[in-house]
>>> print(open('upload_12.cif').read())   # mmCIF, C-alpha atoms
data_start
loop_
_atom_site.label_atom_id
_atom_site.label_comp_id
_atom_site.auth_asym_id
_atom_site.auth_seq_id
_atom_site.Cartn_x
_atom_site.Cartn_y
_atom_site.Cartn_z
CA MET F 185 0.00 0.00 0.00
CA ASN F 186 1.50 3.33 -1.06
CA PHE F 187 1.37 6.57 0.90
CA LEU F 188 -1.79 7.97 -0.69
CA GLU F 189 -3.59 4.63 -0.43
CA GLU F 190 -2.74 4.53 3.26
CA LEU F 191 -4.07 8.07 3.76
CA ASP F 192 -7.20 7.17 1.83
CA LYS F 193 -7.78 4.08 3.99
CA ASN F 194 -7.38 6.12 7.19
CA SER F 195 -9.70 8.84 5.94
CA ILE F 196 -12.42 6.34 5.01
CA GLU F 197 -12.20 4.69 8.43
CA ALA F 198 -12.36 8.10 10.15
CA SER F 199 -15.52 8.97 8.19
CA GLN F 200 -17.60 5.97 9.27
CA ILE F 201 -20.73 6.75 11.31
CA ASP F 202 -23.18 4.17 12.65
CA LYS F 203 -26.47 4.76 10.80
CA GLU F 204 -28.43 3.93 13.97
CA LEU F 205 -27.04 7.10 15.56
CA PHE F 206 -28.90 9.25 13.06
CA THR F 207 -32.18 7.83 14.39
CA ARG F 208 -31.12 8.01 18.01
CA PHE F 209 -30.23 11.70 17.80
CA ASN F 210 -33.14 12.51 15.46
CA VAL F 211 -30.83 13.84 12.76
CA LYS F 212 -32.67 15.22 9.74
CA ARG F 213 -30.55 13.52 7.09
CA GLY F 214 -30.56 15.59 3.92
CA LEU F 215 -32.64 18.14 5.86
CA ARG F 216 -35.61 15.80 5.61
CA ASN F 217 -38.16 14.74 8.21
CA GLN F 218 -38.98 11.08 8.79
CA ASP F 219 -41.99 11.31 6.45
CA GLY F 220 -39.77 12.58 3.63
CA SER F 221 -40.91 16.20 3.78
CA GLY F 222 -38.32 18.96 3.95
CA VAL F 223 -37.25 20.56 7.22
CA LEU F 224 -38.55 24.12 7.39
CA VAL F 225 -35.49 26.39 7.60
CA GLY F 226 -36.73 29.69 6.18
CA LEU F 227 -39.49 31.79 4.71
CA THR F 228 -39.80 33.16 1.18
CA ASN F 229 -42.10 35.16 -1.06
CA ILE F 230 -40.60 33.82 -4.28
CA GLY F 231 -41.62 30.27 -5.17
CA ASP F 232 -43.73 27.46 -3.78
CA VAL F 233 -43.70 23.77 -4.64
CA VAL F 234 -46.78 21.73 -3.68
CA GLY F 235 -46.82 17.96 -4.04
CA TYR F 236 -48.70 16.77 -0.96
CA GLU F 237 -50.87 17.99 1.88
CA LYS F 238 -50.43 17.21 5.57
CA LYS F 239 -53.29 16.45 7.92
CA GLY F 240 -51.75 15.95 11.30
CA GLU F 241 -49.05 13.32 10.81
CA GLU F 242 -50.58 12.02 7.59
CA VAL F 243 -49.03 12.98 4.25
CA ILE F 244 -51.66 13.01 1.49
CA PRO F 245 -50.44 12.94 -2.13
CA THR F 246 -51.84 15.59 -4.44
CA HIS F 247 -51.27 16.71 -8.00
CA GLY F 248 -48.23 18.94 -8.16
CA ARG F 249 -48.42 22.70 -8.35
CA LEU F 250 -45.61 25.20 -8.85
CA TYR F 251 -46.06 28.87 -8.03
CA TYR F 252 -43.92 31.87 -8.94
CA ARG F 253 -44.79 34.78 -6.64
CA GLY F 254 -48.18 33.14 -5.99
CA ILE F 255 -49.01 32.65 -9.68
CA ASN F 256 -49.54 29.09 -10.85
CA VAL F 257 -46.94 28.29 -13.49
CA MET F 258 -49.65 26.58 -15.53
CA ASP F 259 -51.47 29.92 -15.77
CA LEU F 260 -48.26 31.82 -16.46
CA VAL F 261 -47.38 29.54 -19.37
CA LYS F 262 -50.92 29.56 -20.73
CA GLY F 263 -50.87 33.36 -20.63
CA PHE F 264 -47.79 34.05 -22.72
CA GLN F 265 -48.32 31.11 -25.05
CA SER F 266 -51.85 32.25 -25.84
CA ASP F 267 -50.34 35.61 -26.82
CA HIS F 268 -47.88 33.76 -29.11
CA ARG F 269 -44.83 35.24 -27.40
CA HIS F 270 -41.94 34.02 -25.27
CA GLY F 271 -42.24 34.23 -21.50
CA PHE F 272 -38.77 33.94 -19.98
CA ASP F 273 -38.11 37.70 -19.68
CA GLU F 274 -41.55 38.12 -18.11
CA THR F 275 -40.72 35.33 -15.67
CA ILE F 276 -37.42 36.95 -14.68
CA PHE F 277 -39.25 40.24 -14.02
CA LEU F 278 -41.87 38.42 -11.95
CA LEU F 279 -39.30 36.61 -9.81
CA LEU F 280 -37.16 39.68 -9.19
CA CYS F 281 -39.92 42.28 -8.76
CA GLY F 282 -42.80 40.28 -7.34
CA LYS F 283 -45.32 41.25 -10.01
CA LEU F 284 -46.05 40.72 -13.68
CA PRO F 285 -44.82 43.56 -15.92
CA ASN F 286 -47.24 45.51 -18.06
CA SER F 287 -46.50 45.69 -21.77
CA GLN F 288 -44.43 48.88 -21.47
CA GLU F 289 -42.43 47.57 -18.51
CA LEU F 290 -41.76 44.30 -20.34
CA VAL F 291 -40.45 46.08 -23.43
CA ARG F 292 -38.12 48.25 -21.33
CA PHE F 293 -36.98 45.25 -19.27
CA SER F 294 -36.25 43.07 -22.30
CA SER F 295 -34.42 45.96 -23.95
CA HIS F 296 -32.30 46.45 -20.82
CA LEU F 297 -31.34 42.77 -20.71
CA SER F 298 -30.55 42.82 -24.43
CA GLY F 299 -28.17 45.73 -23.89
CA LEU F 300 -26.24 43.75 -21.27
CA ARG F 301 -25.71 40.56 -23.28
CA ASP F 302 -22.52 41.42 -25.15
CA LEU F 303 -19.22 40.38 -23.62
CA PRO F 304 -16.07 42.50 -23.95
CA GLN F 305 -13.89 41.17 -26.77
CA TYR F 306 -10.89 40.64 -24.50
CA PHE F 307 -13.06 38.72 -22.03
CA THR F 308 -14.32 36.36 -24.74
CA LYS F 309 -10.84 35.82 -26.14
CA ASN F 310 -8.82 35.52 -22.92
CA MET F 311 -11.26 34.08 -20.41
CA ILE F 312 -13.38 31.75 -22.56
CA LEU F 313 -11.78 30.87 -25.89
CA SER F 314 -8.18 30.72 -24.66
CA LEU F 315 -8.73 29.20 -21.21
CA ARG F 316 -10.94 26.36 -22.37
CA GLY F 317 -12.17 23.73 -19.96
CA LYS F 318 -13.48 20.18 -20.02
CA ASP F 319 -16.80 21.12 -18.41
CA ILE F 320 -19.02 24.05 -19.41
CA MET F 321 -20.31 24.46 -15.83
CA ASN F 322 -16.78 25.03 -14.56
CA MET F 323 -16.09 27.46 -17.40
CA LEU F 324 -19.27 29.31 -16.48
CA ALA F 325 -18.30 29.49 -12.79
CA ARG F 326 -14.81 30.70 -13.68
CA SER F 327 -16.25 33.39 -15.95
CA VAL F 328 -18.53 34.58 -13.15
CA LEU F 329 -15.55 34.98 -10.81
CA VAL F 330 -13.64 36.87 -13.50
CA LEU F 331 -16.59 39.26 -13.90
CA TYR F 332 -15.99 40.14 -10.24
CA THR F 333 -12.67 41.71 -11.21
CA MET F 334 -14.44 43.87 -13.81
CA ASP F 335 -16.96 45.31 -11.33
CA ASP F 336 -15.79 48.35 -9.36
CA TYR F 337 -18.63 47.74 -6.91
CA ALA F 338 -18.23 43.97 -6.60
CA GLU F 339 -18.17 44.08 -2.79
CA ASP F 340 -21.14 46.42 -2.50
CA ASN F 341 -24.09 44.42 -1.17
CA SER F 342 -26.64 47.23 -1.32
CA HIS F 343 -29.91 46.16 -2.91
CA MET F 344 -29.53 48.39 -5.98
CA THR F 345 -26.01 47.13 -6.69
CA VAL F 346 -26.96 43.48 -6.24
CA LEU F 347 -29.95 44.00 -8.55
CA ARG F 348 -27.65 45.55 -11.16
CA GLN F 349 -25.21 42.65 -10.81
CA SER F 350 -28.08 40.16 -11.05
CA LEU F 351 -29.42 41.61 -14.29
CA ASN F 352 -25.92 41.68 -15.77
CA LEU F 353 -25.31 38.03 -14.91
CA ILE F 354 -28.76 36.89 -16.08
CA ALA F 355 -28.22 38.63 -19.43
CA LYS F 356 -24.69 37.31 -19.94
CA PHE F 357 -25.21 33.68 -18.86
CA PRO F 358 -26.58 32.47 -22.24
CA VAL F 359 -23.72 34.14 -24.13
CA ILE F 360 -20.99 32.83 -21.82
CA THR F 361 -22.53 29.36 -22.04
CA ALA F 362 -22.69 29.34 -25.84
CA TYR F 363 -19.16 30.71 -26.26
CA SER F 364 -17.80 28.26 -23.67
CA TYR F 365 -19.31 25.37 -25.60
CA PHE F 366 -17.66 26.43 -28.85
CA GLY F 367 -14.34 26.84 -27.05
CA PHE F 368 -14.76 23.38 -25.56
CA ARG F 369 -15.79 21.91 -28.92
CA HIS F 370 -12.85 23.47 -30.75
CA SER F 371 -10.35 22.23 -28.18
CA TYR F 372 -11.60 18.75 -27.33
CA GLN F 373 -13.62 17.73 -30.39
CA ARG F 374 -11.39 19.41 -32.99
CA LYS F 375 -14.30 21.20 -34.64
CA SER F 376 -14.39 24.64 -36.22
CA LEU F 377 -14.60 27.63 -33.90
CA ILE F 378 -17.77 29.51 -34.81
CA ILE F 379 -19.06 32.47 -32.84
CA HIS F 380 -22.49 34.00 -33.42
CA HIS F 381 -22.88 37.29 -31.57
CA PRO F 382 -26.23 37.84 -29.81
CA ASP F 383 -28.94 39.56 -31.82
CA PRO F 384 -30.70 42.33 -29.85
CA SER F 385 -33.95 41.73 -31.75
CA LEU F 386 -34.29 38.12 -30.51
CA SER F 387 -35.68 36.73 -27.27
CA THR F 388 -33.40 34.93 -24.81
CA ALA F 389 -34.41 31.50 -26.13
CA GLU F 390 -34.10 32.53 -29.77
CA ASN F 391 -30.74 34.12 -29.10
CA PHE F 392 -29.39 31.02 -27.46
CA ILE F 393 -30.44 28.76 -30.34
CA PHE F 394 -29.16 31.34 -32.84
CA MET F 395 -25.76 31.44 -31.11
CA LEU F 396 -25.62 27.64 -31.27
CA LYS F 397 -27.07 26.93 -34.71
CA GLY F 398 -27.18 30.18 -36.62
CA GLU F 399 -30.51 30.69 -38.39
CA ASN F 400 -31.09 26.95 -38.78
CA TYR F 401 -33.87 26.53 -36.18
CA SER F 402 -37.65 26.38 -36.21
CA LYS F 403 -40.17 28.47 -34.32
CA LEU F 404 -41.25 25.39 -32.35
CA GLU F 405 -37.65 24.76 -31.27
CA ALA F 406 -37.38 28.30 -29.90
CA ASP F 407 -40.82 28.07 -28.26
CA ILE F 408 -40.00 24.86 -26.44
CA LEU F 409 -36.61 26.14 -25.26
CA ASP F 410 -38.34 29.23 -23.91
CA LEU F 411 -40.81 26.97 -22.08
CA ASN F 412 -37.93 24.99 -20.62
CA LEU F 413 -36.29 28.18 -19.36
CA VAL F 414 -39.53 29.29 -17.71
CA LEU F 415 -40.11 25.90 -16.04
CA HIS F 416 -36.57 25.70 -14.62
CA ALA F 417 -36.30 29.32 -13.44
CA GLU F 418 -37.35 28.70 -9.83
CA HIS F 419 -38.31 25.81 -7.59
CA GLY F 420 -38.60 27.18 -4.08
CA GLY F 421 -35.81 27.94 -1.64
CA GLY F 422 -35.35 24.31 -0.65
CA ASN F 423 -33.67 22.99 -3.78
CA ASN F 424 -29.95 22.47 -3.30
CA SER F 425 -28.60 25.31 -5.45
CA SER F 426 -31.11 27.93 -4.25
CA PHE F 427 -30.42 26.91 -0.65
CA THR F 428 -26.71 27.21 -1.42
CA THR F 429 -27.41 30.73 -2.72
CA ARG F 430 -29.08 31.69 0.55
CA VAL F 431 -26.49 29.99 2.78
CA VAL F 432 -23.57 31.70 1.07
CA SER F 433 -25.40 35.04 0.84
CA SER F 434 -26.04 34.92 4.59
CA SER F 435 -22.29 35.09 5.19
CA GLY F 436 -22.13 38.58 3.67
CA THR F 437 -20.00 37.65 0.67
CA ASP F 438 -20.27 39.14 -2.84
CA THR F 439 -22.74 38.25 -5.59
CA TYR F 440 -20.15 36.60 -7.84
CA SER F 441 -18.97 34.22 -5.12
CA VAL F 442 -22.59 33.33 -4.35
CA ILE F 443 -23.48 32.51 -7.96
CA ALA F 444 -20.26 30.53 -8.44
CA ALA F 445 -21.20 28.44 -5.39
CA ALA F 446 -24.72 27.88 -6.77
CA LEU F 447 -23.20 26.71 -10.06
CA GLY F 448 -21.07 24.20 -8.16
CA SER F 449 -24.21 22.84 -6.53
CA LEU F 450 -26.17 22.62 -9.78
CA LYS F 451 -23.33 20.79 -11.51
CA GLY F 452 -23.84 17.78 -9.24
CA PHE F 453 -25.46 14.76 -10.90
CA LEU F 454 -28.08 14.56 -8.12
CA HIS F 455 -29.28 18.06 -9.01
CA GLY F 456 -28.67 19.59 -12.42
CA GLY F 457 -27.22 16.52 -14.08
CA ALA F 458 -30.35 14.37 -13.77
CA ASN F 459 -31.48 14.80 -17.38
CA LEU F 460 -28.14 13.47 -18.59
CA GLN F 461 -28.75 10.33 -16.55
CA VAL F 462 -32.18 10.01 -18.16
CA MET F 463 -30.61 10.21 -21.61
CA GLU F 464 -28.01 7.55 -20.79
CA MET F 465 -30.75 5.30 -19.39
CA MET F 466 -32.89 5.79 -22.48
CA LYS F 467 -29.95 5.00 -24.74
CA ASP F 468 -29.53 1.73 -22.84
CA ILE F 469 -33.27 0.93 -23.01
CA LYS F 470 -33.44 1.62 -26.76
CA LYS F 471 -30.48 -0.67 -27.26
CA ASN F 472 -31.87 -3.57 -25.23
CA VAL F 473 -35.64 -3.37 -25.79
CA LYS F 474 -36.31 -4.63 -29.29
CA ASP F 475 -39.99 -3.69 -29.60
CA TRP F 476 -40.65 -0.21 -28.20
CA ASN F 477 -44.39 -0.87 -28.30
CA ASP F 478 -44.23 -4.16 -26.40
CA LYS F 479 -45.25 -3.16 -22.86
CA LYS F 480 -44.38 -6.56 -21.42
CA GLU F 481 -40.85 -6.37 -22.79
CA ILE F 482 -40.48 -2.78 -21.51
CA SER F 483 -41.80 -3.73 -18.05
CA LYS F 484 -39.43 -6.67 -17.85
CA TYR F 485 -36.44 -4.48 -18.64
CA LEU F 486 -37.52 -1.73 -16.22
CA LEU F 487 -37.74 -4.36 -13.50
CA LYS F 488 -34.18 -5.44 -14.31
CA ILE F 489 -33.10 -1.80 -13.94
CA LEU F 490 -34.74 -1.58 -10.51
CA LYS F 491 -32.97 -4.77 -9.44
CA GLY F 492 -29.65 -3.30 -10.49
CA GLN F 493 -29.28 -5.92 -13.23
CA ALA F 494 -29.44 -3.45 -16.12
CA GLY F 495 -28.64 0.16 -16.89
CA ASP F 496 -25.88 1.65 -14.78
CA GLY F 497 -26.53 -0.77 -11.89
CA SER F 498 -27.84 1.96 -9.58
CA GLY F 499 -31.31 0.44 -9.31
CA LYS F 500 -32.90 3.74 -10.38
CA ILE F 501 -35.27 4.58 -13.21
CA TYR F 502 -34.02 8.09 -13.83
CA GLY F 503 -36.57 10.82 -14.44
CA ILE F 504 -39.30 8.92 -12.60
CA GLY F 505 -40.33 10.17 -9.16
CA HIS F 506 -39.62 13.38 -7.26
CA ALA F 507 -38.76 14.37 -3.70
CA ILE F 508 -41.84 16.61 -3.37
CA TYR F 509 -44.20 15.97 -6.28
CA THR F 510 -46.23 12.81 -5.71
CA LEU F 511 -49.09 12.36 -8.18
CA SER F 512 -47.64 14.58 -10.90
CA ASP F 513 -44.96 17.16 -11.75
CA PRO F 514 -46.65 20.17 -13.42
CA ARG F 515 -43.45 20.99 -15.30
CA ALA F 516 -43.40 17.52 -16.86
CA LYS F 517 -47.04 17.91 -17.91
CA LEU F 518 -46.35 21.20 -19.67
CA LEU F 519 -43.17 19.97 -21.28
CA LYS F 520 -44.71 16.71 -22.45
CA GLY F 521 -47.33 18.53 -24.50
CA LYS F 522 -44.70 20.49 -26.43
CA ALA F 523 -42.42 17.44 -26.62
CA ARG F 524 -45.17 15.63 -28.54
CA GLU F 525 -45.35 18.49 -31.05
CA LEU F 526 -41.59 18.49 -31.43
CA ALA F 527 -41.47 14.70 -31.86
CA ASP F 528 -44.01 15.04 -34.66
CA GLU F 529 -41.99 17.81 -36.34
CA LYS F 530 -38.74 15.82 -36.05
CA ASP F 531 -40.26 12.46 -37.04
CA LYS F 532 -39.45 10.93 -33.64
CA MET F 533 -42.93 9.81 -32.57
CA ASP F 534 -41.77 6.22 -32.14
CA GLU F 535 -39.23 7.32 -29.56
CA PHE F 536 -41.73 9.64 -27.87
CA LYS F 537 -44.14 6.70 -27.59
CA LEU F 538 -41.42 4.72 -25.81
CA TYR F 539 -41.18 7.54 -23.25
CA GLU F 540 -44.95 7.44 -22.83
CA ASN F 541 -44.90 3.68 -22.32
CA ILE F 542 -42.23 3.97 -19.63
CA GLU F 543 -44.25 6.71 -17.93
CA GLU F 544 -47.37 4.52 -18.01
CA LEU F 545 -45.62 1.39 -16.73
CA ALA F 546 -43.39 2.89 -14.02
CA SER F 547 -45.81 2.69 -11.07
CA GLU F 548 -46.82 -0.88 -11.91
CA VAL F 549 -43.18 -1.95 -12.15
CA PHE F 550 -42.34 -0.26 -8.84
CA THR F 551 -45.24 -2.10 -7.20
CA THR F 552 -43.97 -5.42 -8.57
CA PHE F 553 -40.46 -4.63 -7.40
CA LYS F 554 -41.65 -3.76 -3.87
CA GLY F 555 -43.79 -6.87 -3.69
CA GLY F 556 -47.16 -5.14 -3.81
CA GLY F 557 -48.84 -3.37 -0.94
CA ASN F 558 -48.98 0.39 -0.37
CA VAL F 559 -46.31 1.61 -2.78
CA LYS F 560 -45.58 5.27 -3.41
CA VAL F 561 -47.04 6.51 -6.70
CA VAL F 562 -44.26 7.52 -9.08
CA ASN F 563 -44.59 9.80 -12.08
CA PRO F 564 -42.19 11.47 -14.50
CA ASN F 565 -40.42 14.62 -13.36
CA VAL F 566 -39.31 17.45 -15.62
CA ASP F 567 -35.96 15.75 -16.35
CA PHE F 568 -37.72 12.81 -17.99
CA TYR F 569 -38.73 14.79 -21.07
CA SER F 570 -36.21 17.67 -21.04
CA GLY F 571 -33.32 15.57 -22.36
CA PHE F 572 -35.53 14.23 -25.16
CA VAL F 573 -36.47 17.77 -26.10
CA TYR F 574 -32.86 18.93 -26.14
CA ARG F 575 -31.86 16.00 -28.33
CA CYS F 576 -34.66 16.81 -30.80
CA ILE F 577 -33.37 20.39 -31.01
CA ASP F 578 -29.83 19.05 -31.53
CA ILE F 579 -28.51 20.65 -28.37
CA PRO F 580 -25.27 18.88 -27.31
CA LYS F 581 -25.38 16.95 -24.04
CA GLU F 582 -22.55 19.12 -22.67
CA LEU F 583 -25.07 21.98 -22.54
CA TYR F 584 -27.94 20.26 -20.73
CA THR F 585 -26.93 21.36 -17.23
CA PRO F 586 -25.57 24.78 -18.32
CA ILE F 587 -28.97 25.56 -19.88
CA PHE F 588 -30.49 24.72 -16.50
CA ALA F 589 -28.14 27.36 -15.03
CA VAL F 590 -29.12 29.90 -17.72
CA SER F 591 -32.67 29.50 -16.43
CA ARG F 592 -32.20 29.00 -12.68
CA ILE F 593 -29.99 32.06 -12.22
CA ALA F 594 -33.22 34.06 -12.27
CA GLY F 595 -34.39 32.22 -9.16
CA TRP F 596 -30.95 32.36 -7.54
CA CYS F 597 -30.79 36.13 -7.91
CA ALA F 598 -34.31 36.52 -6.52
CA HIS F 599 -33.36 34.45 -3.47
CA ARG F 600 -30.13 36.40 -2.98
CA LEU F 601 -32.00 39.72 -3.08
CA GLU F 602 -34.56 38.42 -0.58
CA GLU F 603 -31.85 37.02 1.70
CA ILE F 604 -29.89 40.28 1.92
CA THR F 605 -33.05 42.39 2.30
CA PHE F 606 -35.52 40.65 4.59
CA SER F 607 -33.67 37.69 6.07
CA SER F 608 -32.94 37.41 9.78
CA LYS F 609 -29.53 39.03 9.09
CA ARG F 610 -27.93 36.04 10.76
CA ILE F 611 -25.50 33.67 9.12
CA ILE F 612 -27.06 30.28 8.39
CA ARG F 613 -25.25 27.85 10.66
CA PRO F 614 -26.73 24.36 11.08
CA ALA F 615 -25.63 22.11 13.91
CA TYR F 616 -23.69 18.85 13.65
CA LYS F 617 -23.36 16.61 16.70
CA ASN F 618 -19.91 15.15 17.18
CA ILE F 619 -20.01 11.45 18.06
CA TYR F 620 -16.28 10.70 17.85
CA GLY F 621 -15.76 10.70 21.62
CA LEU F 622 -12.68 11.87 23.52
CA SER F 623 -9.05 10.89 23.05
CA ASP F 624 -5.90 11.59 25.00
CA TYR F 625 -3.03 13.39 23.29
CA GLU F 626 -0.05 11.10 22.72
CA LYS F 627 3.49 12.32 22.38
CA ILE F 628 4.91 11.59 18.98
CA GLU F 629 7.42 9.08 20.30
CA ASP F 630 4.59 7.04 21.88
CA ARG F 631 2.46 6.79 18.74
CA LYS F 632 2.37 3.53 16.81
#
>>> encode(input="upload_12.cif", output="structure tokens")
Amino acid sequence: MNFLEELDKNSIEASQIDKELFTRFNVKRGLRNQDGSGVLVGLTNIGDVVGYEKKGEEVIPTHGRLYYRGINVMDLVKGFQSDHRHGFDETIFLLLCGKLPNSQELVRFSSHLSGLRDLPQYFTKNMILSLRGKDIMNMLARSVLVLYTMDDYAEDNSHMTVLRQSLNLIAKFPVITAYSYFGFRHSYQRKSLIIHHPDPSLSTAENFIFMLKGENYSKLEADILDLNLVLHAEHGGGNNSSFTTRVVSSSGTDTYSVIAAALGSLKGFLHGGANLQVMEMMKDIKKNVKDWNDKKEISKYLLKILKGQAGDGSGKIYGIGHAIYTLSDPRAKLLKGKARELADEKDKMDEFKLYENIEELASEVFTTFKGGGNVKVVNPNVDFYSGFVYRCIDIPKELYTPIFAVSRIAGWCAHRLEEITFSSKRIIRPAYKNIYGLSDYEKIEDRK
């Protein structure tokens, strides 16, 4: 055993904790109560996620609802889609300002964001295209920290300054993401370096597709990307990256450090990387299930996945089930409708039908796996269809999680503004109980 292996062995041994102790000391593992609900750690005006109701100690499943500033996302989406316009800018305004903009306010707001999109030429050349990275999320986080050096008021945490910083970051995220991808592609995939500068006349979603594909995109592609941005913009203060935003903000640090920390959280495969896992799972299913319309064959293979005998061996059907939503995920419902239209446009209805079959069979397979009885109802979450949508639009997998960040920064900035304005003004400091025990100090010559 070499030196590092020995250190690794010692560190693993030092990290072991008896699982029974978590029950004995009533530790809320993952900040979750025994019934699976989240531990209440704060208050917010921004977003609300409803997936169940509690009557006393009983948790009653209900159809999922997502609210932005008290407005049901279903109604928000229906509103801008019925007007045949994109809704992401309107959503950003709503999250930051607490109300829907009127038509004049929306025009001014969109124009302001458009004016902030461009990156300085030296920044693009030196920070993105020259210092390429293997992961777009890391390149995005690095770029955010470099923007700190360009802000004379980076350490000013007044509300007006943080709002200005927020709008600047929200506007620049799609551009940094697109440029970072082309830098990555040129370096690691040996493809041509093509840069499309943002067009001030286009919406955020249209601009992003334009920067990726030039003018080779359809209206439906832009519409469904806009929908995706709206649906991922906020999900309550309890999701990992938004909670990270509030925890780090509570320390009094600057906006750029906060957003870089949130990006680090979102990068994790248990958070922002879930749709990539769905795509890998679906690739495996398509390879091993011969007849995509044979429900018995699909069920049999899904059961093998749950038993850890197929897929990546994790025993998980990715994209099925959610920590809060029980009977349904409203985001998945909205996305599925547009995904069907896109599948029809792209001649991928056979693949879309496979997704539908898996969605239909999931609960039954889970019940079989658990041996019957009272089994939790499982339904597709937003990640189940988002990867399919991205693939239909020809968005590279390296951009799946960064696009999530392009959307969720709106929610992060809203939570940061709320935290520095109306929080308790106390640093968030959870407690950890030490169970190591006591040890006597040994002189170095007495140690084995």
>>> resolve_selection(input="upload_12.cif", expression="the PyMOL selection byres ((chain F and resi 320) around 10)", output="NGL selection string")
:F and (316-319 or 321-326 or 360-368 or 451 or 582-586)
>>> residues_around(input="upload_12.cif", residues="His381 in chain F", least_positions_apart="3", cutoff="12 Å", atoms="only C-alpha atoms", output="NGL selection string")
:F and (298 or 301-305 or 308 or 356 or 358-360 or 362-363 or 378 or 384-386 or 391-398)
>>> closest_residue(input="upload_12.cif", among="F:Gly248, F:Leu490, F:Cys281, F:Leu519", to="Thr552 in chain F", atoms="only C-alpha atoms")
F:Leu490
>>> resolve_selection(input="upload_12.cif", expression="the PyMOL selection byres ((chain F and resi 576) around 9)", output="list in words")
Glu405, Ala523, Leu526, Ala527, Lys530, Lys532, Gly571, Phe572, Val573, Tyr574, Arg575, Ile577, Asp578 and Ile579 of chain F
>>> write_last_selection(input="upload_12.cif", atoms="C-alpha atoms", output="PDB file, in the frame of the given file")
ATOM      1  CA  GLU F 405     -37.650  24.760 -31.270  1.00  0.00           C
ATOM      2  CA  ALA F 523     -42.420  17.440 -26.620  1.00  0.00           C
ATOM      3  CA  LEU F 526     -41.590  18.490 -31.430  1.00  0.00           C
ATOM      4  CA  ALA F 527     -41.470  14.700 -31.860  1.00  0.00           C
ATOM      5  CA  LYS F 530     -38.740  15.820 -36.050  1.00  0.00           C
ATOM      6  CA  LYS F 532     -39.450  10.930 -33.640  1.00  0.00           C
ATOM      7  CA  GLY F 571     -33.320  15.570 -22.360  1.00  0.00           C
ATOM      8  CA  PHE F 572     -35.530  14.230 -25.160  1.00  0.00           C
ATOM      9  CA  VAL F 573     -36.470  17.770 -26.100  1.00  0.00           C
ATOM     10  CA  TYR F 574     -32.860  18.930 -26.140  1.00  0.00           C
ATOM     11  CA  ARG F 575     -31.860  16.000 -28.330  1.00  0.00           C
ATOM     12  CA  ILE F 577     -33.370  20.390 -31.010  1.00  0.00           C
ATOM     13  CA  ASP F 578     -29.830  19.050 -31.530  1.00  0.00           C
ATOM     14  CA  ILE F 579     -28.510  20.650 -28.370  1.00  0.00           C
TER      15      ILE F 579
END
>>> closest_residue(input="upload_12.cif", among="F:Ser570, F:Ser387, F:Asn217, F:Thr437", to="Val291 in chain F", atoms="all atoms listed in the file")
F:Ser387
>>> closest_residue(input="upload_12.cif", among="F:Ala546, F:Val330, F:Ile508, F:Leu415", to="Leu486 in chain F", atoms="only C-alpha atoms")
F:Ala546
>>> atom_distance(input="upload_12.cif", atom1="CA of Val261 in chain F", atom2="CA of Ser512 in chain F")
17.2 Å
>>> resolve_selection(input="upload_12.cif", expression="the PyMOL selection byres ((chain F and resi 566) around 8)", output="MDAnalysis selection string")
chainID F and resid 503 513 515:516 519 564:565 567:570
>>> write_last_selection(input="upload_12.cif", atoms="C-alpha atoms", output="CSV table (one decimal), keeping the file's coordinate frame")
chain,number,residue,atom,x,y,z
F,503,GLY,CA,-36.6,10.8,-14.4
F,513,ASP,CA,-45.0,17.2,-11.8
F,515,ARG,CA,-43.4,21.0,-15.3
F,516,ALA,CA,-43.4,17.5,-16.9
F,519,LEU,CA,-43.2,20.0,-21.3
F,564,PRO,CA,-42.2,11.5,-14.5
F,565,ASN,CA,-40.4,14.6,-13.4
F,567,ASP,CA,-36.0,15.8,-16.4
F,568,PHE,CA,-37.7,12.8,-18.0
F,569,TYR,CA,-38.7,14.8,-21.1
F,570,SER,CA,-36.2,17.7,-21.0
>>> residues_around(input="upload_12.cif", residues="Asn563 in chain F", least_positions_apart="6", cutoff="7 Å", atoms="all atoms listed in the file", output="ChimeraX atom specification")
/F:504-505,511-512,543
>>> atom_distance(input="upload_12.cif", atom1="CA of Asn412 in chain F", atom2="CA of Gly456 in chain F")
13.5 Å
>>> closest_atom_pairs(input="upload_12.cif", of="range 362-408 of chain F", to="range 263-279 of chain F", cutoff="8 Å", atoms="all atoms listed in the file", output="CSV")
residue,atom,partner,partner_atom,distance
F:Ser387,CA,F:His270,CA,7.1
F:Thr388,CA,F:Phe272,CA,7.3
F:Ala389,CA,F:Phe272,CA,7.9
F:Asp407,CA,F:His270,CA,6.8
>>> build_atoms(input="upload_12.cif", residues="range 551-555 of chain F", atoms="N, CA and C atoms", output="JSON list (two decimals), in the frame of the given file")
[["chain", "number", "residue", "atom", "x", "y", "z"],
["F", 551, "THR", "N", -44.42, -1.27, -8.08],
["F", 551, "THR", "CA", -45.24, -2.10, -7.20],
["F", 551, "THR", "C", -44.78, -3.55, -7.24],
["F", 552, "THR", "N", -44.49, -4.06, -8.43],
["F", 552, "THR", "CA", -43.97, -5.42, -8.57],
["F", 552, "THR", "C", -42.65, -5.57, -7.84],
["F", 553, "PHE", "N", -41.78, -4.59, -8.01],
["F", 553, "PHE", "CA", -40.46, -4.63, -7.40],
["F", 553, "PHE", "C", -40.55, -4.64, -5.87],
["F", 554, "LYS", "N", -41.51, -3.86, -5.33],
["F", 554, "LYS", "CA", -41.65, -3.76, -3.87],
["F", 554, "LYS", "C", -42.48, -4.91, -3.30],
["F", 555, "GLY", "N", -43.02, -5.74, -4.18],
["F", 555, "GLY", "CA", -43.79, -6.87, -3.69],
["F", 555, "GLY", "C", -45.23, -6.55, -3.39]]
